[in-house]
Structure formats: C-alpha cells, structure tokens
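Engineer: Can you read through this structure? Questions will come right after.
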Amino acid sequence: MNPPKTDARRHHDAGVRGFASDNYAGAHPEVMAALALANGGHQIAYGEDDYTAHLQQVIRGHFGPTAEAFPVFNGTGANVVALQAVADRWGAVICAESAHINVDEGGAPERMAGLKLLTVPTPDGKLTPELIDKQAFGWDDEHRAMPQVVSIAQNTELGTLYTPDEIRAICDHAHRLGMKVHLDGSRIANAAAALDVPMRTFTNAVGVDILSLGGTKNGALFGEAVVVINQDAVRHMKHLRKMSMQLASKMRFVSVQLEALLAKDLWLRNARHANEMAQRLAEGVRSLHGVEILYPVQANAVFARLPHDVSERLQKRYRFYFWDEAAGDVRWMCAFDTREEDVDGFLAALKEELAR
C-alpha cells in the first residue's frame with residue numbers, strides 16, 4: 001500500500017518579524033545555498049569529510065594557527081563540551097550571575113557536565129578581576145568545588161561588550177591563579193562588528209583558551225562549534241563531544257554553514273546589519289516618554305523598562321520577551337534579516353500603546 005501523498009506547504013507568514021530573539025530568524029540565503037552545495041554524493045561521516053577539513057583552515061584564519069574547531073549541534077552543547085574540556089570532575093566555573101550558562105541552559109553545565117557554577121552579581125553582565133576574586137578561593141578546600149575556569153560571554157547576556165583590554169586583564173588574572181578562560185561567543189560576530197575589530201583581537205590575541213562559536217544567531221540553519229585555541233588547556237575533546245551527544249554523523253552540513261559565514265564576510269555583514277537595526281530601535285525609543293533603556297546598546301539587543309500593561313498589549317502585535325516581568329523590563333532583539341520598516345512599525349505600535 002502506497003503512503004498518502006502530501007505537499008510541503010508554508011505554514012507561516014514569511015513577512016512577519018518580531019523582536020523576541022535572533023533565533024527566530026531563518027537561515028541566510030547564502031547559507032542555504034552552501035547546504036545545497038554540500039548535498040549529494042557520499043562524504044565520510046562524523047567529521048572526516050572535506051567540508052569539516054576546510055573549515056579548520058577558515059577557523060585558523062580567524063583564531064590563529066593553533067585553533068581547532070569541533071562542530072556541534074547547538075549553543076548549550078558547545079558550552080557544556082567546552083567547559084568539560086577545561087575542568088576536572090571536581091571543578092567549578094566562575095561566571096556572572098546573569099550569564100547564559102547560569103540562567104538559560106536549564107542547569108546543563110551542572111547536570112550534564114557536573115560542574116558547579118560559582119556566580120557573581122555584576123552591574124552590567126561583565127566580570128572583572130576584582131569580581132572574579134569574590135569566588136576565586138578555596139582550591140585546597142575539599143568541601144568546596146575547585147575554581148578552575150572563568151567563563152565570560154562576548155557580548156554578554158545584557159547586550160554589553162568587553163573591550164579587548166578588559167578580556168586580556170581577565171585572562172591574565174585567571175591564568176595567574178591557575179584557571180582557564182572560556183568565552184561564550186554565541187553572538188561573537190555582533191561583538192566584533194560593534195567593536196570594529198577582528199574576532200582574534202579579543203580571543204586568541206588576549207589569552208582566551210577555548211570558545212563557543214555561534215552560528216545560528218548569525219544566519220545559520222543550525223550548528224555552532226567549540227573552538228580550541230590553547231591546545232595545552234584541553235583534554236579529550238573528541239570523546240567529550242561524543243559523550244555529550246554533540247557529534248553529528250553528517251557533520252558536513254554543520255561545517256559548510258560555518259564556512260559560508262566565516263570564509264568571507266557574511267558573518268560580519270549579518271552582524272553589522274543586526275547591530276544597526278538595534279541602534280535604530282534604540283534611537284527611536286529614547287525619544288519616547290515612559291520608556292527607559294536599561295543598558296548601553298552596544299550590539300543587537302535593547303533592554304528597556306516600560307509600563308507592564310503597555311508591554312502586554314504590544315506583545316499581541318509583536319513578539320518579544322519580558323526580561324524581569326515584575327520590574328517591567330523587556331528585551332528587544334534584532335536579527336540579520338530585521339528591516340528598517342520592521343523597526344519603524346514597531347516604534348509606531350509602541351507609541352500608540354503608550355498613548356492609550
């Protein structure tokens with residue numbers, strides 16, 4: 001008996017764009033074209049393919065001659081694998097209280113990697129050597145998880161940026177204390193675009209040991225990578241990736257997307273556009289009475305505080321999330337495909353709801 005025939009149909013309005021997350025955006029057409037290019041025929045599975053091999057050359061061009069990329073499925077997987085690679089079973093990770101690994105990964109670093117997170121409150125999402133020292137102690141105390149890793153995000157969960165000198169100071173301090181440094185780079189392209197520097201300027205050039213390289217938020221369909229910069233800092237990456245269920249059998253389809261983004265300037269074009277749309281949004285919001293921008297708008301996120309009922313009405317017209325619902329704080333994200341008319345339409349709707 002033949003199965004019933006079905007037609008693939010579009011189940012959404014492709015003209016609708018919101019401000020909830022850059023993960024809401026689809027894949028960039030150049031990434032989709034790269035996926036089609038990699039399709040067809042047979043390639044060796046589990047990362048022994050030609051596309052993953054070529055990705056290594058691209059990665060070294062960005063992060064130095066010792067860098068090695070390990071493609072994975074998603075950002076949480078990248079962080080879990082990376083942190084395991086630079087810590088022992090009894091190890092702990094110092095991070096900002098607002099860090100993604102602490103507030104938005106379902107406890108995966110602790111549950112799956114078995115690593116204690118030692119969090120530090122920060123005013124702007126950024127760690128400093130002085131803030132790190134609030135948790136950097138007790139290495140010989142068997143009653144306390146041993147601090148072994150400092151994890152920072154660039155850009156941070158609050159949309160703020162570290163300067164290269166700030167990251168260098170963190171790396172120097174952590175290394176003096178015998179700790180490694182992990183950088184969560186799910187939006188690393190937005191940071192580089194905003195700072196107008198190559199990604200190497202605030203990673204391998206300043207002492208970062210390992211990083212999680214984002215692709216999905218910057219135009220990929222799926223897939224990220226763990227990039228090992230300091231080969232002496234990690235152990236058994238291949239085994240950890242497999243054990244963490246992050247080894248793709250058809251890895252060429254992850255690698256070719258990252259290659260499409262990074263081999264030329266697509267990553268930078270996408271990030272610059274998203275950042276520019278966030279600046280356009282912020283400029284429009286600053287002129288409105290009753291709305292307060294909470295943090296410097298440095299990449300592609302705008303955090304604001306406004307009356308709760310206004311946000312609830314506005315959410316019926318545009319998707320976005322509360323950041324702290326009790327305080328009335330919200331987050332508006334721009335993506336590589338956010339258009340000027342999307343921002344202007346949102347601002348017009350916000351004005352209407354504020355006037356009600």
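By order in the structure tokens, chains are A, B, ...; within a chain, residues start at 1; ligands start at 1, following the order shown.
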Which residues are near stretch 234-245 of chain A? Cut-off 8 Å, only C-alpha atoms, ignore same chain within fewer than 4 positions. Put them as a PDB file with C-alpha atoms, in the first residue's frame.

Structural biologist:
ATOM      1  CA  PHE A  70      34.734  20.955  16.775  1.00  0.00           C
ATOM      2  CA  VAL A  72      28.298  20.747  17.464  1.00  0.00           C
ATOM      3  CA  GLY A  77      26.035  21.775  23.761  1.00  0.00           C
ATOM      4  CA  VAL A  80      28.838  22.096  28.054  1.00  0.00           C
ATOM      5  CA  VAL A  81      31.506  20.425  25.931  1.00  0.00           C
ATOM      6  CA  GLN A  84      34.141  19.973  30.446  1.00  0.00           C
ATOM      7  CA  ALA A  85      37.256  20.140  28.295  1.00  0.00           C
ATOM      8  CA  VAL A  86      38.987  22.632  30.594  1.00  0.00           C
ATOM      9  CA  MET A 112      25.319  17.237  32.286  1.00  0.00           C
ATOM     10  CA  VAL A 228      40.044  25.167  20.992  1.00  0.00           C
ATOM     11  CA  ASN A 230      45.081  26.678  23.628  1.00  0.00           C
TER      12      ASN A 230
END

Engineer: What lies within 8 Å of A:Val120 using only C-alpha atoms, ignoring chain neighbours under 5 positions off, as a list in words?

Structural biologist: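 After dropping sequence-adjacent residues, the list is Ile94, Cys95, Ala96, Glu97, Leu127, Leu131, Ile132, Lys134 and Gln135 of chain A.
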
Engineer: Based on the selection just made, write all heavy atoms of those residues as a compact mmCIF listing (two decimals), in the first residue's frame.

Structural biologist:
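Final output, saved to selection_21.txt:
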# COMPACT_ATOMS: atom_id res chain seq x y z
N ILE A 94 33.57 30.00 37.36
CA ILE A 94 33.17 31.32 37.82
C ILE A 94 32.54 32.07 36.65
O ILE A 94 33.12 32.15 35.56
CB ILE A 94 34.37 32.10 38.36
CG1 ILE A 94 34.98 31.38 39.58
CG2 ILE A 94 33.97 33.52 38.76
CD1 ILE A 94 36.27 32.00 40.09
N CYS A 95 31.34 32.60 36.86
CA CYS A 95 30.65 33.32 35.79
C CYS A 95 29.78 34.41 36.40
O CYS A 95 29.52 34.43 37.60
CB CYS A 95 29.79 32.37 34.96
SG CYS A 95 28.42 31.60 35.86
N ALA A 96 29.34 35.33 35.57
CA ALA A 96 28.40 36.35 36.01
C ALA A 96 27.07 35.70 36.38
O ALA A 96 26.66 34.70 35.78
CB ALA A 96 28.19 37.39 34.91
N GLU A 97 26.42 36.26 37.36
CA GLU A 97 25.11 35.73 37.77
C GLU A 97 24.12 35.74 36.61
O GLU A 97 23.26 34.86 36.49
CB GLU A 97 24.58 36.57 38.92
CG GLU A 97 23.36 36.00 39.62
CD GLU A 97 22.97 36.83 40.82
OE1 GLU A 97 22.64 38.03 40.64
OE2 GLU A 97 23.01 36.30 41.95
N LEU A 127 32.30 40.51 34.01
CA LEU A 127 33.21 40.21 35.10
C LEU A 127 34.44 41.12 35.02
O LEU A 127 34.77 41.65 33.97
CB LEU A 127 33.67 38.75 35.03
CG LEU A 127 32.65 37.67 35.36
CD1 LEU A 127 33.26 36.29 35.17
CD2 LEU A 127 32.11 37.82 36.77
N LEU A 131 35.90 41.17 40.60
CA LEU A 131 34.69 40.38 40.79
C LEU A 131 35.01 38.88 40.78
O LEU A 131 34.41 38.10 41.53
CB LEU A 131 33.67 40.72 39.70
CG LEU A 131 33.01 42.10 39.81
CD1 LEU A 131 32.15 42.38 38.58
CD2 LEU A 131 32.17 42.20 41.08
N ILE A 132 35.94 38.48 39.95
CA ILE A 132 36.35 37.07 39.92
C ILE A 132 36.88 36.65 41.27
O ILE A 132 36.61 35.53 41.76
CB ILE A 132 37.40 36.85 38.81
CG1 ILE A 132 36.74 36.96 37.43
CG2 ILE A 132 38.10 35.50 38.97
CD1 ILE A 132 37.73 37.07 36.30
N LYS A 134 35.91 37.33 44.10
CA LYS A 134 34.86 37.02 45.07
C LYS A 134 34.58 35.52 45.15
O LYS A 134 34.04 35.03 46.14
CB LYS A 134 33.57 37.79 44.71
CG LYS A 134 33.67 39.30 44.89
CD LYS A 134 32.37 39.98 44.54
CE LYS A 134 32.47 41.50 44.72
NZ LYS A 134 32.68 41.88 46.13
N GLN A 135 34.94 34.79 44.09
CA GLN A 135 34.73 33.34 44.08
C GLN A 135 36.02 32.56 43.87
O GLN A 135 36.01 31.33 43.96
CB GLN A 135 33.74 32.96 42.96
CG GLN A 135 32.30 33.40 43.20
CD GLN A 135 31.58 32.55 44.23
OE1 GLN A 135 32.17 31.74 44.95
NE2 GLN A 135 30.26 32.71 44.29

Engineer: Mind checking DSSP for stretch 232-353 of chain A and telling me the strand (DSSP E or B) residues as an MDAnalysis selection string?

Structural biologist: chainID A and resid 292:293 301:305 321:324 329:333

Engineer: With distances taken over only C-alpha atoms, which residue among A:Thr338, A:Asn39, A:Thr128, A:Ser311 lies nearest A:Lys351?

Structural biologist: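 Closest candidate: A:Ser311.
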
Engineer: Point out the residue among A:Asp196, A:Asp49, A:Asp13, A:Glu353 with the least atom-to-atom distance to A:Glu312, counting only C-alpha atoms.

Structural biologist: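 Of A:Asp196, A:Asp49, A:Asp13, A:Glu353, the one nearest A:Glu312, counting only C-alpha atoms, is A:Glu353.
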
Engineer: Given only C-alpha atoms as the basis, pick out the residue of A:Ala174, A:Val150, A:Leu35, A:Val256 nearest to A:Gln56.

Structural biologist: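 Ranking A:Ala174, A:Val150, A:Leu35, A:Val256 by distance to A:Gln56, first place goes to A:Val256.
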
Engineer: Quick check for you: according to DSSP on this backbone, which residues of stretch 9-253 of chain A are classed as alpha helix (DSSP H)? Reply as JSON, numbers by chain.

Structural biologist: {"A": [29, 30, 31, 32, 33, 34, 35, 36, 37, 38, 50, 51, 52, 53, 54, 55, 56, 57, 58, 59, 60, 61, 62, 63, 75, 76, 77, 78, 79, 80, 81, 82, 83, 84, 85, 100, 101, 102, 103, 108, 109, 110, 111, 129, 130, 131, 132, 164, 165, 166, 167, 168, 169, 170, 171, 172, 173, 174, 175, 176, 188, 189, 190, 191, 192, 193, 194, 195, 237, 238, 239, 240, 241, 242, 243, 252, 253]}

Engineer: Would you please work out which residue, of A:Gly75, A:Gly18, A:Gly178, A:Gly41, is nearest to A:Pro147 when using only C-alpha atoms?

Structural biologist: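 Once distances to A:Pro147 are computed over only C-alpha atoms, the minimum belongs to A:Gly178.
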
Engineer: Could you pull the residues within 12 Å of A:Ala355, counting only C-alpha atoms, minus those fewer than 5 positions along the same chain, as a ChimeraX atom specification?

Structural biologist: /A:288-290,307,309-310,313,348-350
